[in-house]
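J.: Provided below: structure06.cif, containing mmCIF, C-alpha atoms.
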data_final
loop_
_atom_site.label_atom_id
_atom_site.label_comp_id
_atom_site.auth_asym_id
_atom_site.auth_seq_id
_atom_site.Cartn_x
_atom_site.Cartn_y
_atom_site.Cartn_z
CA MET K 1022 19.41 18.20 -14.48
CA THR K 1023 17.65 19.37 -11.38
CA ILE K 1024 14.31 17.94 -10.46
CA SER K 1025 12.14 19.54 -7.85
CA ASP K 1026 10.95 17.57 -4.90
CA ASP K 1027 7.37 18.13 -5.99
CA VAL K 1028 8.10 16.32 -9.24
CA LEU K 1029 9.75 13.46 -7.35
CA MET K 1030 6.73 13.31 -5.10
CA ALA K 1031 4.39 13.23 -8.08
CA TYR K 1032 6.52 10.46 -9.54
CA ALA K 1033 6.19 8.44 -6.35
CA ASP K 1034 2.44 8.98 -6.46
CA GLY K 1035 2.14 7.86 -10.08
CA GLU K 1036 0.98 11.29 -11.21
CA LEU K 1037 3.45 12.04 -14.00
CA ASP K 1038 2.93 11.67 -17.71
CA LEU K 1039 5.06 9.12 -19.49
CA ARG K 1040 7.60 11.60 -20.75
CA THR K 1041 8.27 13.27 -17.41
CA ARG K 1042 8.31 9.88 -15.76
CA ALA K 1043 11.02 8.73 -18.10
CA GLN K 1044 13.05 11.84 -17.28
CA VAL K 1045 12.73 11.13 -13.59
CA GLU K 1046 13.74 7.54 -14.09
CA ASP K 1047 16.82 8.64 -15.98
CA ALA K 1048 17.65 10.99 -13.14
CA ILE K 1049 17.09 8.22 -10.60
CA ALA K 1050 19.44 5.94 -12.46
CA ALA K 1051 22.08 8.66 -12.70
CA ASP K 1052 21.89 10.14 -9.23
CA PRO K 1053 21.71 8.06 -6.05
CA GLN K 1054 20.64 11.13 -4.13
CA ILE K 1055 17.54 11.47 -6.26
CA ALA K 1056 16.92 7.75 -5.99
CA ARG K 1057 17.04 8.08 -2.23
CA ARG K 1058 14.57 10.94 -2.18
CA VAL K 1059 12.13 9.07 -4.38
CA ALA K 1060 12.58 5.94 -2.31
CA ALA K 1061 11.76 7.93 0.80
CA HIS K 1062 8.56 9.25 -0.80
CA GLN K 1063 7.54 5.77 -1.81
CA ALA K 1064 8.49 4.29 1.52
CA LEU K 1065 6.26 6.83 3.25
CA ARG K 1066 3.32 5.70 1.15
CA GLY K 1067 4.01 2.14 2.17
CA THR K 1068 4.42 3.05 5.81
CA LEU K 1069 1.12 4.88 5.87
CA ARG K 1070 -0.69 2.09 4.12
CA ALA K 1071 0.79 -0.41 6.52
CA GLY K 1072 -0.31 1.72 9.44
CA PHE K 1073 -3.93 1.82 8.35
CA ASP K 1074 -4.53 -1.28 6.25
CA LYS K 1075 -5.31 -3.25 9.36
CA VAL K 1076 -8.57 -1.33 9.56
CA LEU K 1077 -9.65 -3.18 6.42
CA ASP K 1078 -9.33 -6.50 8.21
CA GLU K 1079 -11.38 -5.46 11.20
CA PRO K 1080 -14.96 -6.69 11.34
CA VAL K 1081 -17.30 -3.88 10.36
CA PRO K 1082 -19.61 -2.99 13.25
CA ASP K 1083 -23.14 -4.28 12.72
CA ARG K 1084 -24.63 -0.87 13.37
CA LEU K 1085 -22.88 0.54 10.30
CA ILE K 1086 -24.03 -2.28 8.06
CA ALA K 1087 -27.54 -1.87 9.41
CA ALA K 1088 -27.40 1.87 8.77
CA ALA K 1089 -26.34 1.36 5.17
CA ARG K 1090 -29.17 -1.08 4.59
CA ALA K 1091 -31.70 1.01 6.46
CA THR K 1092 -33.62 2.06 3.35
CA SER K 1093 -33.70 -1.30 1.69
CA GLY K 1094 -36.22 -2.78 4.10
CA ALA K 1095 -35.98 -6.40 3.15
CA PRO K 1096 -32.96 -8.31 4.38
CA SER K 1097 -30.37 -8.50 1.68
CA GLN K 1098 -28.90 -11.69 0.42
CA SER K 1099 -25.56 -10.14 -0.38
CA ARG K 1100 -22.63 -10.35 1.94
CA VAL K 1101 -20.04 -7.70 2.70
CA GLU K 1102 -17.99 -7.20 -0.41
CA PRO K 1103 -14.23 -6.97 -0.08
CA PRO K 1104 -12.98 -3.41 -0.37
CA GLN K 1105 -12.22 -2.34 -3.90
CA ASP K 1106 -8.52 -1.89 -3.68
CA ARG K 1107 -7.70 -5.30 -2.34
CA VAL K 1108 -7.22 -7.77 -5.07
CA VAL K 1109 -8.75 -11.09 -4.27
CA VAL K 1110 -6.93 -13.88 -6.01
CA PRO K 1111 -6.71 -17.55 -5.14
CA LEU K 1112 -3.33 -17.14 -3.51
CA ARG K 1113 -4.25 -14.26 -1.31
CA PRO K 1114 -4.35 -15.24 2.32
CA ARG K 1115 -6.12 -13.26 4.99
CA ARG K 1116 -3.20 -12.46 7.19
CA THR K 1117 -0.63 -10.92 4.93
CA ARG K 1118 -0.37 -7.59 3.32
CA THR K 1119 2.27 -5.61 1.59
CA LEU K 1120 4.15 -3.57 4.06
CA ALA K 1121 6.40 -0.60 3.85
CA LEU K 1122 7.87 -1.37 0.44
CA PRO K 1123 5.80 0.73 -1.81
CA ARG K 1124 4.52 0.81 -5.32
CA TRP K 1125 7.55 -0.25 -7.23
CA ALA K 1126 6.64 -3.67 -5.90
CA LEU K 1127 3.76 -3.81 -8.30
CA PRO K 1128 4.15 -5.26 -11.74
CA GLN K 1129 2.99 -2.15 -13.55
CA TRP K 1130 6.21 -0.53 -12.42
CA GLY K 1131 8.14 -3.02 -14.47
CA ALA K 1132 10.00 -0.39 -16.43
CA ILE K 1133 11.41 1.30 -13.38
CA ALA K 1134 15.14 1.51 -13.04
CA ALA K 1135 16.45 -1.52 -11.24
CA SER K 1136 19.20 0.43 -9.58
CA PHE K 1137 16.59 2.60 -8.01
CA VAL K 1138 14.69 -0.39 -6.65
CA LEU K 1139 17.90 -1.73 -5.23
CA GLY K 1140 18.48 1.69 -3.73
CA ALA K 1141 15.11 1.51 -2.06
CA LEU K 1142 15.94 -1.91 -0.65
CA VAL K 1143 19.22 -0.67 0.69
CA TRP K 1144 17.44 2.32 2.10
CA HIS K 1145 15.22 -0.07 3.99
CA PHE K 1146 17.54 -2.81 5.01
CA GLY K 1147 21.02 -1.35 5.26
CA THR K 1148 24.09 -1.00 3.15
CA ASP K 1149 25.23 -4.61 3.43
CA TRP K 1150 22.52 -5.29 0.87
CA TYR K 1151 24.82 -3.86 -1.76
CA SER K 1152 27.51 -6.43 -1.14
CA SER K 1153 25.85 -9.57 0.14
CA GLY K 1154 22.09 -9.26 -0.18
CA PRO K 1155 19.79 -11.71 -1.96
CA VAL K 1156 19.12 -9.19 -4.69
CA THR K 1157 21.52 -7.67 -7.16
CA GLU K 1158 21.30 -5.55 -10.26
CA ARG K 1159 22.82 -6.13 -13.65
CA ASN K 1160 22.24 -4.28 -16.89
CA GLY K 1161 19.23 -2.56 -15.45
CA GLN K 1162 17.59 -5.73 -14.23
CA LEU K 1163 17.01 -6.88 -10.72
CA LEU K 1164 18.35 -10.41 -10.24
CA ALA K 1165 18.37 -12.96 -7.46
CA ALA K 1166 21.76 -13.45 -5.82
CA GLY K 1167 23.36 -15.54 -3.12
CA THR K 1168 21.06 -17.73 -1.08
CA LEU K 1169 17.99 -16.60 -3.01
CA ASP K 1170 19.55 -17.54 -6.35
CA LYS K 1171 20.57 -20.94 -4.98
CA ALA K 1172 17.17 -21.66 -3.51
CA LEU K 1173 15.33 -20.66 -6.69
CA SER K 1174 17.59 -22.94 -8.72
CA ASN K 1175 17.75 -25.92 -6.40
CA GLN K 1176 14.98 -25.99 -3.85
CA LEU K 1177 11.79 -27.89 -4.58
CA ALA K 1178 8.60 -26.68 -2.97
CA SER K 1179 7.84 -30.25 -2.00
CA GLU K 1180 11.17 -30.86 -0.27
CA GLN K 1181 12.09 -27.83 1.75
CA PRO K 1182 14.29 -27.93 4.82
CA THR K 1183 12.56 -26.54 7.89
CA GLN K 1184 15.34 -24.06 8.59
CA THR K 1185 15.69 -22.84 5.04
CA PRO K 1186 16.45 -19.13 4.67
CA VAL K 1187 14.27 -19.01 1.56
CA ARG K 1188 10.86 -20.54 1.27
CA ILE K 1189 9.74 -21.43 -2.23
CA GLY K 1190 6.04 -21.03 -2.92
CA VAL K 1191 4.59 -21.97 -6.26
CA SER K 1192 6.34 -22.67 -9.55
CA PHE K 1193 4.65 -22.15 -12.87
CA ARG K 1194 5.12 -21.40 -16.55
CA SER K 1195 4.51 -17.78 -17.48
CA LYS K 1196 2.55 -16.63 -20.49
CA GLY K 1197 5.94 -15.87 -22.03
CA GLY K 1198 6.87 -19.52 -21.55
CA ASP K 1199 9.52 -19.07 -18.83
CA TYR K 1200 9.58 -20.79 -15.50
CA CYS K 1201 8.65 -18.54 -12.60
CA ARG K 1202 8.68 -19.15 -8.86
CA THR K 1203 7.45 -17.27 -5.84
CA PHE K 1204 9.58 -17.06 -2.75
CA GLN K 1205 9.72 -15.62 0.73
CA LEU K 1206 12.85 -14.71 2.64
CA ARG K 1207 12.86 -15.94 6.19
CA ASP K 1208 15.09 -13.19 7.49
CA ASN K 1209 14.22 -9.90 9.11
CA THR K 1210 13.31 -8.34 5.77
CA SER K 1211 10.25 -10.57 5.29
CA LEU K 1212 10.53 -9.94 1.58
CA ALA K 1213 8.47 -12.00 -0.77
CA GLY K 1214 8.59 -11.98 -4.51
CA LEU K 1215 8.20 -13.50 -7.90
CA ALA K 1216 11.24 -14.49 -9.96
CA CYS K 1217 11.30 -15.74 -13.54
CA ARG K 1218 14.10 -17.63 -15.25
CA ASP K 1219 16.02 -15.52 -17.73
CA GLN K 1220 18.79 -17.58 -19.33
CA ASP K 1221 21.00 -18.55 -16.39
CA LYS K 1222 19.63 -16.02 -13.93
CA TRP K 1223 16.47 -15.41 -11.97
CA ARG K 1224 14.97 -12.07 -12.86
CA LEU K 1225 12.83 -10.50 -10.14
CA GLU K 1226 9.41 -9.58 -11.44
CA ALA K 1227 7.82 -8.39 -8.23
CA LEU K 1228 8.87 -7.81 -4.66
CA ALA K 1229 6.86 -6.93 -1.63
CA ARG K 1230 7.15 -7.18 2.07
CA SER K 1231 5.01 -9.68 3.91
CA GLU K 1232 3.92 -9.38 7.47
CA ALA K 1233 6.32 -11.05 9.82
CA SER K 1234 5.24 -14.43 11.08
CA PRO K 1235 3.93 -14.25 14.61
CA ALA K 1236 6.37 -15.68 17.09
CA GLY K 1237 5.67 -19.29 17.91
CA SER K 1238 3.77 -20.00 14.74
CA HIS K 1239 4.92 -22.63 12.32
CA PRO K 1240 5.20 -20.96 8.97
CA GLU K 1241 6.75 -24.07 7.45
CA PHE K 1242 3.40 -25.81 7.79
CA ARG K 1243 1.66 -23.34 5.58
CA PRO K 1244 0.66 -24.82 2.28
CA ALA K 1245 2.74 -23.77 -0.69
CA GLY K 1246 1.50 -20.53 -2.12
CA SER K 1247 -0.09 -19.21 1.02
CA ALA K 1248 1.04 -16.17 2.96
CA LEU K 1249 2.05 -14.28 -0.15
CA PRO K 1250 1.51 -10.54 -0.11
CA ALA K 1251 -1.43 -9.56 -2.24
CA SER K 1252 0.69 -7.71 -4.76
CA ILE K 1253 2.78 -10.82 -5.38
CA ALA K 1254 -0.28 -12.98 -5.68
CA GLN K 1255 -1.59 -10.45 -8.15
CA ALA K 1256 1.66 -10.60 -10.12
CA VAL K 1257 1.37 -14.39 -10.24
CA ASP K 1258 -2.19 -14.11 -11.39
CA GLN K 1259 -1.15 -11.86 -14.23
CA ALA K 1260 1.86 -13.89 -15.29
CA ILE K 1261 0.70 -17.46 -14.94
CA ASP K 1262 -0.23 -19.56 -17.92
CA GLY K 1263 -2.58 -22.29 -16.74
CA GLU K 1264 -1.97 -23.98 -13.41
CA PRO K 1265 1.08 -24.10 -11.11
CA LEU K 1266 3.48 -26.98 -11.65
CA ASP K 1267 2.87 -30.11 -9.63
CA ALA K 1268 5.74 -31.72 -7.73
CA ALA K 1269 6.78 -33.97 -10.62
CA ALA K 1270 6.78 -31.14 -13.16
CA GLU K 1271 8.70 -28.95 -10.76
CA ALA K 1272 11.37 -31.62 -10.22
CA ASN K 1273 11.56 -32.15 -13.96
CA ALA K 1274 12.07 -28.44 -14.56
CA ARG K 1275 14.88 -28.38 -12.03
CA THR K 1276 16.55 -31.33 -13.72
CA ASN K 1277 16.50 -29.34 -16.95
CA GLN K 1278 17.94 -26.37 -15.04
CA TRP K 1279 14.76 -24.40 -15.67
CA ARG K 1280 15.50 -24.23 -19.37
CA VAL K 1281 12.51 -24.15 -21.61
CA SER K 1282 12.35 -26.77 -24.32
CA HIS K 1283 10.85 -25.30 -27.42
CA MET P 307 -36.37 4.13 -6.85
CA LYS P 308 -36.44 1.52 -4.15
CA ALA P 309 -34.19 -0.72 -6.19
CA LEU P 310 -31.75 2.15 -6.66
CA SER P 311 -31.45 2.95 -2.98
CA GLU P 312 -31.10 -0.73 -2.14
CA ASP P 313 -28.27 -0.84 -4.59
CA LEU P 314 -26.65 2.21 -3.01
CA GLY P 315 -26.99 0.66 0.42
CA GLU P 316 -25.15 -2.42 -0.75
CA GLN P 317 -22.47 -0.34 -2.43
CA ILE P 318 -21.99 1.51 0.83
CA VAL P 319 -21.73 -1.78 2.69
CA GLY P 320 -19.03 -2.87 0.26
CA LEU P 321 -17.12 0.35 0.84
CA LEU P 322 -17.43 0.35 4.62
CA PRO P 323 -13.93 -1.02 5.26
CA ARG P 324 -12.42 1.79 3.22
CA LEU P 325 -14.70 4.42 4.71
CA ARG P 326 -13.71 3.25 8.16
CA ARG P 327 -10.04 3.44 7.19
CA PHE P 328 -10.37 6.95 5.82
CA ALA P 329 -12.31 8.02 8.91
CA ARG P 330 -9.57 6.54 11.04
CA THR P 331 -6.92 8.61 9.27
CA LEU P 332 -9.01 11.72 9.92
CA THR P 333 -10.02 11.21 13.53
CA GLY P 334 -7.23 9.03 14.85
CA ASN P 335 -9.45 6.79 16.94
CA VAL P 336 -11.90 4.04 16.29
CA HIS P 337 -14.93 5.43 18.13
CA ASP P 338 -14.95 8.85 16.52
CA ALA P 339 -14.17 7.23 13.19
CA ASP P 340 -17.13 4.87 13.30
CA ASP P 341 -19.43 7.62 14.50
CA LEU P 342 -18.28 9.65 11.55
CA VAL P 343 -18.91 6.78 9.14
CA HIS P 344 -22.37 6.41 10.62
CA ILE P 345 -23.14 10.08 10.03
CA ALA P 346 -21.81 9.83 6.49
CA ILE P 347 -23.96 6.79 5.71
CA GLU P 348 -27.09 8.57 6.85
CA ARG P 349 -26.25 11.67 4.88
CA ALA P 350 -25.46 9.66 1.78
CA LEU P 351 -28.72 7.76 1.89
CA SER P 352 -30.70 10.95 2.37
CA ARG P 353 -28.94 12.62 -0.57
CA SER P 354 -28.76 9.78 -3.02
CA GLU P 355 -30.23 12.04 -5.69
CA GLN P 356 -26.92 13.95 -5.67
CA LEU P 357 -25.04 10.90 -6.79
CA ARG P 358 -23.77 11.36 -10.32
CA ALA P 359 -23.43 8.54 -12.76
CA ASP P 360 -20.11 9.88 -14.03
CA SER P 361 -18.22 9.87 -10.74
CA PRO P 362 -17.43 6.89 -8.56
CA VAL P 363 -19.61 6.20 -5.55
CA SER P 364 -16.47 5.88 -3.47
CA SER P 365 -15.38 9.47 -4.21
CA TRP P 366 -18.84 10.75 -3.45
CA LEU P 367 -18.86 8.92 -0.13
CA PHE P 368 -15.36 10.04 0.79
CA GLY P 369 -16.48 13.60 0.13
CA ILE P 370 -19.55 13.25 2.34
CA LEU P 371 -17.46 11.71 5.08
CA ARG P 372 -14.84 14.42 4.82
CA ASN P 373 -17.47 17.17 5.02
CA ALA P 374 -19.12 15.47 7.97
CA TRP P 375 -15.75 15.43 9.69
CA ILE P 376 -15.28 19.15 9.12
CA ASP P 377 -18.78 19.86 10.46
CA GLU P 378 -18.13 17.66 13.44
CA ALA P 379 -14.78 19.28 14.17
CA ARG P 380 -16.39 22.72 14.01
CA ALA P 381 -19.16 21.65 16.34
CA ARG P 382 -16.62 20.34 18.77
CA ASN P 383 -14.63 23.52 18.59
CA ARG P 384 -17.76 25.47 19.37
CA ARG P 385 -18.14 23.41 22.49
CA ASN P 386 -14.50 24.23 23.30
CA ARG P 387 -13.52 20.66 23.08
CA VAL P 388 -10.36 19.53 21.49
CA PHE P 389 -10.72 17.04 18.71
CA ALA P 390 -7.79 15.05 19.97
CA PRO P 391 -6.68 11.60 19.00
CA GLU P 392 -6.42 8.85 21.53
CA GLU P 393 -3.14 8.26 23.24
CA LEU P 394 -0.80 8.78 20.34
CA GLY P 395 1.23 5.64 20.63
CA GLU P 396 -1.73 3.47 21.47
CA SER P 397 -2.38 2.05 18.06
CA VAL P 398 1.13 1.16 17.02
CA ALA P 399 0.71 -1.89 14.89
CA ASP P 400 3.74 -3.92 15.63
CA PRO P 401 2.93 -7.43 16.83
CA SER P 402 6.62 -8.25 17.23
CA GLY P 403 6.95 -5.58 19.90
CA HIS P 404 10.21 -4.37 18.40
CA GLN P 405 9.10 -0.80 18.12
CA HIS P 406 11.35 1.50 20.04
CA ALA P 407 9.63 3.65 22.58
CA ASP P 408 10.97 6.85 21.04
CA VAL P 409 9.67 6.07 17.57
CA ILE P 410 6.39 7.77 16.98
CA SER P 411 3.70 5.63 15.40
CA VAL P 412 2.38 6.36 11.95
CA GLN P 413 -0.99 7.09 13.49
CA GLY P 414 0.56 9.40 16.04
CA ALA P 415 2.49 11.28 13.40
CA LEU P 416 -0.57 11.68 11.21
CA ALA P 417 -2.61 12.93 14.15
CA ARG P 418 -0.14 15.78 14.61
CA LEU P 419 -0.58 17.13 11.11
CA PRO P 420 -2.85 20.10 10.49
CA ASP P 421 -6.30 18.93 9.41
CA GLU P 422 -5.95 20.00 5.81
CA GLN P 423 -2.73 18.08 5.44
CA ARG P 424 -4.07 15.02 7.20
CA GLU P 425 -7.06 14.72 4.88
CA VAL P 426 -4.95 14.89 1.74
CA VAL P 427 -2.47 12.39 3.13
CA GLY P 428 -5.39 10.10 3.94
CA LEU P 429 -6.90 10.40 0.49
CA VAL P 430 -3.75 10.16 -1.61
CA LEU P 431 -1.26 8.13 0.41
CA VAL P 432 -3.60 5.83 2.32
CA GLU P 433 -6.61 5.55 0.03
CA GLY P 434 -4.51 5.73 -3.11
CA LEU P 435 -6.62 8.33 -4.89
CA SER P 436 -5.18 10.53 -7.61
CA TYR P 437 -4.47 14.21 -6.95
CA LYS P 438 -7.40 15.05 -9.16
CA GLU P 439 -9.81 12.84 -7.25
CA ALA P 440 -8.55 14.21 -3.96
CA ALA P 441 -8.94 17.77 -5.25
CA ALA P 442 -12.55 17.07 -6.23
CA ILE P 443 -13.33 15.59 -2.83
CA MET P 444 -11.69 18.45 -0.96
CA ASN P 445 -13.16 20.99 -3.37
CA VAL P 446 -9.81 22.70 -3.94
CA PRO P 447 -7.52 23.08 -6.97
CA VAL P 448 -5.02 20.32 -7.72
CA GLY P 449 -2.20 22.75 -6.90
CA THR P 450 -3.51 23.01 -3.37
CA VAL P 451 -3.52 19.23 -3.10
CA THR P 452 0.12 19.03 -4.14
CA SER P 453 1.29 21.82 -1.84
CA ARG P 454 -0.54 20.43 1.18
CA LEU P 455 0.60 16.94 0.37
CA ALA P 456 4.21 18.06 0.07
CA ARG P 457 4.11 19.78 3.43
CA GLY P 458 2.35 16.85 5.03
CA ARG P 459 4.92 14.47 3.62
CA ASP P 460 7.83 16.53 4.84
CA ALA P 461 6.38 16.77 8.31
CA LEU P 462 5.69 13.04 8.45
CA GLN P 463 9.19 12.17 7.25
CA VAL P 464 10.63 14.32 9.99
CA MET P 465 8.36 12.89 12.69
CA LEU P 466 8.97 9.34 11.58
CA GLY P 467 12.69 9.93 11.27
CA THR P 468 12.77 8.88 7.63
CA SER P 469 13.85 12.09 5.93
CA PRO P 470 16.10 11.17 3.04
CA ASP P 471 18.58 13.84 3.97
CA GLY P 472 18.11 14.82 7.56
CA THR P 473 17.78 18.54 7.85
CA HIS P 474 16.54 19.34 4.37
CA ALA P 475 12.93 18.41 4.83
CA ALA P 476 12.73 19.67 8.38
CA HIS P 477 13.17 23.25 7.32
CA GLY P 478 12.13 23.11 3.73
CA ARG P 479 8.52 24.08 4.06
CA PRO P 480 6.39 26.06 6.46
CA GLY P 481 3.78 24.23 8.42
CA THR P 482 0.98 26.56 7.53
CA ASP P 483 -1.24 26.71 4.53
CA ALA P 484 -0.32 30.29 3.72
CA GLN P 485 1.13 29.58 0.30
CA ASP P 486 -1.74 27.68 -1.12
CA PRO P 487 -2.06 28.63 -4.78
CA ARG P 488 -5.75 29.03 -4.57
#
Can you present the structure in this file as structure tokens?
T.:
Amino acid sequence: MTISDDVLMAYADGELDLRTRAQVEDAIAADPQIARRVAAHQALRGTLRAGFDKVLDEPVPDRLIAAARATSGAPSQSRVEPPQDRVVVPLRPRRTRTLALPRWALPQWGAIAASFVLGALVWHFGTDWYSSGPVTERNGQLLAAGTLDKALSNQLASEQPTQTPVRIGVSFRSKGGDYCRTFQLRDNTSLAGLACRDQDKWRLEALARSEASPAGSHPEFRPAGSALPASIAQAVDQAIDGEPLDAAAEANARTNQWRVSH
Amino acid sequence: MKALSEDLGEQIVGLLPRLRRFARTLTGNVHDADDLVHIAIERALSRSEQLRADSPVSSWLFGILRNAWIDEARARNRRNRVFAPEELGESVADPSGHQHADVISVQGALARLPDEQREVVGLVLVEGLSYKEAAAIMNVPVGTVTSRLARGRDALQVMLGTSPDGTHAAHGRPGTDAQDPR
């Protein structure tokens, strides 16, 4: 099956109907070349966003605000609203944003072929991701592997080594009842994500790239849950049932190997 | 009526960060971009009766801003001035300083696109609008959006060195708008 680049582009832009989308996803799963082309389209979206999102964080010049309010006469009590496309959730910090890794990072792309996502990661970070990366794929699902798998299983948010390669954020029960945890990789990928326990594995629900920590800062002093990319915070917001686990509940869950008692 | 225009003013204030971003993708530098936003605000407030209830305020404002940019670019051309971006590499956003000198910045690459490709890239890839919304703002058919977007994408991939398969994209499409299915 041949698929034109325009269709792949439309797929990357979320413009296809369900049926065509499914065809593209089949093709992505079957053909690494197609997966690479789609990944490149999506990566470009992410790169462009990353290149211009910083404008959103700049203070808006007073003269523009004054111009917009010029007809209203009386001083307004309302403040500058956040721009529409940035989701404000409790976990969203000011200084992070999703970078470079594009829309498959968002939860609504949950049905996307895992092999394709892995392909996009490899596209970004190099081929050693296939063999020894923190993410692997099995039966069409993206799973934590290696150091990430270990950290998700063993590391408590309250007791993290300062030099840990994986930083655990919040742990919580999902609406489906499973345990889920957010994490950030402290390597050059700056990946952050949300993983949920699925039998004896950690299934990745969302992945995004966070802005690298400025040199000389002390990221380990950030409170748990901060510095998450907005898309991950949004995924947490959608998945969480109630409040995050406190330290005791988290330790208890680890003792039970993150199994859910029904 | 006063209440309505107050409301519009506040909606514009809320959208200013996005308007500034879109203007930045069009003009490539902060001063021209903010001047453009300023012009667009004034036009919007003076034409609030054109605002339709069935289309988002943001699309309406993006359209006004885009048209103001075209007018401005024409005026500049008449004065024989080049509507050029600032130093192309100037706004590379890489606090770690790891950017190689020979890698063109996203902003620099975008600035080198033809205007009609740059605006569609700004609307769809940066602002996240649908092809249909972008087509309405640019007042062209959706097919024109997709063809311009495809060419813009190819050119950007080549400039940024991220083509999925090297030579393919570099020669795949012409750089002009000649084939627009208008």
J.: Translate the PyMOL selection byres ((chain P and resi 462) around 12) into a concrete residue list for this structure, as a PDB file with C-alpha atoms, in the coordinates of the input.
T.:
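Saved as part32.pdb:
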ATOM      1  CA  ALA K1061      11.760   7.930   0.800  1.00  0.00           C
ATOM      2  CA  HIS K1062       8.560   9.250  -0.800  1.00  0.00           C
ATOM      3  CA  ALA K1064       8.490   4.290   1.520  1.00  0.00           C
ATOM      4  CA  LEU K1065       6.260   6.830   3.250  1.00  0.00           C
ATOM      5  CA  ARG K1066       3.320   5.700   1.150  1.00  0.00           C
ATOM      6  CA  THR K1068       4.420   3.050   5.810  1.00  0.00           C
ATOM      7  CA  LEU K1069       1.120   4.880   5.870  1.00  0.00           C
TER       8      LEU K1069
ATOM      9  CA  ILE P 410       6.390   7.770  16.980  1.00  0.00           C
ATOM     10  CA  SER P 411       3.700   5.630  15.400  1.00  0.00           C
ATOM     11  CA  VAL P 412       2.380   6.360  11.950  1.00  0.00           C
ATOM     12  CA  GLN P 413      -0.990   7.090  13.490  1.00  0.00           C
ATOM     13  CA  GLY P 414       0.560   9.400  16.040  1.00  0.00           C
ATOM     14  CA  ALA P 415       2.490  11.280  13.400  1.00  0.00           C
ATOM     15  CA  LEU P 416      -0.570  11.680  11.210  1.00  0.00           C
ATOM     16  CA  ALA P 417      -2.610  12.930  14.150  1.00  0.00           C
ATOM     17  CA  ARG P 418      -0.140  15.780  14.610  1.00  0.00           C
ATOM     18  CA  LEU P 419      -0.580  17.130  11.110  1.00  0.00           C
ATOM     19  CA  PRO P 420      -2.850  20.100  10.490  1.00  0.00           C
ATOM     20  CA  GLN P 423      -2.730  18.080   5.440  1.00  0.00           C
ATOM     21  CA  ARG P 424      -4.070  15.020   7.200  1.00  0.00           C
ATOM     22  CA  VAL P 427      -2.470  12.390   3.130  1.00  0.00           C
ATOM     23  CA  LEU P 431      -1.260   8.130   0.410  1.00  0.00           C
ATOM     24  CA  LEU P 455       0.600  16.940   0.370  1.00  0.00           C
ATOM     25  CA  ALA P 456       4.210  18.060   0.070  1.00  0.00           C
ATOM     26  CA  ARG P 457       4.110  19.780   3.430  1.00  0.00           C
ATOM     27  CA  GLY P 458       2.350  16.850   5.030  1.00  0.00           C
ATOM     28  CA  ARG P 459       4.920  14.470   3.620  1.00  0.00           C
ATOM     29  CA  ASP P 460       7.830  16.530   4.840  1.00  0.00           C
ATOM     30  CA  ALA P 461       6.380  16.770   8.310  1.00  0.00           C
ATOM     31  CA  GLN P 463       9.190  12.170   7.250  1.00  0.00           C
ATOM     32  CA  VAL P 464      10.630  14.320   9.990  1.00  0.00           C
ATOM     33  CA  MET P 465       8.360  12.890  12.690  1.00  0.00           C
ATOM     34  CA  LEU P 466       8.970   9.340  11.580  1.00  0.00           C
ATOM     35  CA  GLY P 467      12.690   9.930  11.270  1.00  0.00           C
ATOM     36  CA  THR P 468      12.770   8.880   7.630  1.00  0.00           C
ATOM     37  CA  SER P 469      13.850  12.090   5.930  1.00  0.00           C
ATOM     38  CA  PRO P 470      16.100  11.170   3.040  1.00  0.00           C
ATOM     39  CA  ALA P 475      12.930  18.410   4.830  1.00  0.00           C
ATOM     40  CA  ALA P 476      12.730  19.670   8.380  1.00  0.00           C
ATOM     41  CA  GLY P 481       3.780  24.230   8.420  1.00  0.00           C
TER      42      GLY P 481
END
J.: Could you please tell me, as JSON, numbers by chain, which residues of chain P have an atom within 6 Å of chain K when using only C-alpha atoms?
T.: {"P": [312, 315, 319, 320, 321, 323, 327, 344, 347, 412, 431, 432, 470]}
J.: What residues have an atom no more than 7 Å from (0.0, -24.3, -10.5) in the file's own frame, counting all atoms listed in the file, and can you write them as a list in words?
T.: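 The requested residues, written out, are Val1191, Ser1192, Phe1193, Glu1264, Pro1265, Leu1266 and Asp1267 of chain K.
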J.: If I take atom CA of Asn1175 of chain K and atom CA of Ser1252 of chain K, how far is one from the other in Å, to one decimal?
T.: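 If I compute the distance from atom CA of Asn1175 of chain K to atom CA of Ser1252 of chain K, I get 25.0 Å.
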J.: Just give me the gap between atom CA of Trp366 of chain P and atom CA of Leu332 of chain P in Å, one decimal is fine.
T.: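 Atom-to-atom, atom CA of Trp366 of chain P to atom CA of Leu332 of chain P, that is 16.6 Å.
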J.: Find, counting all atoms listed in the file, the residue in K:Gln1259, K:Gln1162, K:Gln1044, K:Gln1176 that gets nearest to Arg1194 of chain K.
T.: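 Closest to Arg1194 of chain K, using all atoms listed in the file: K:Gln1259.
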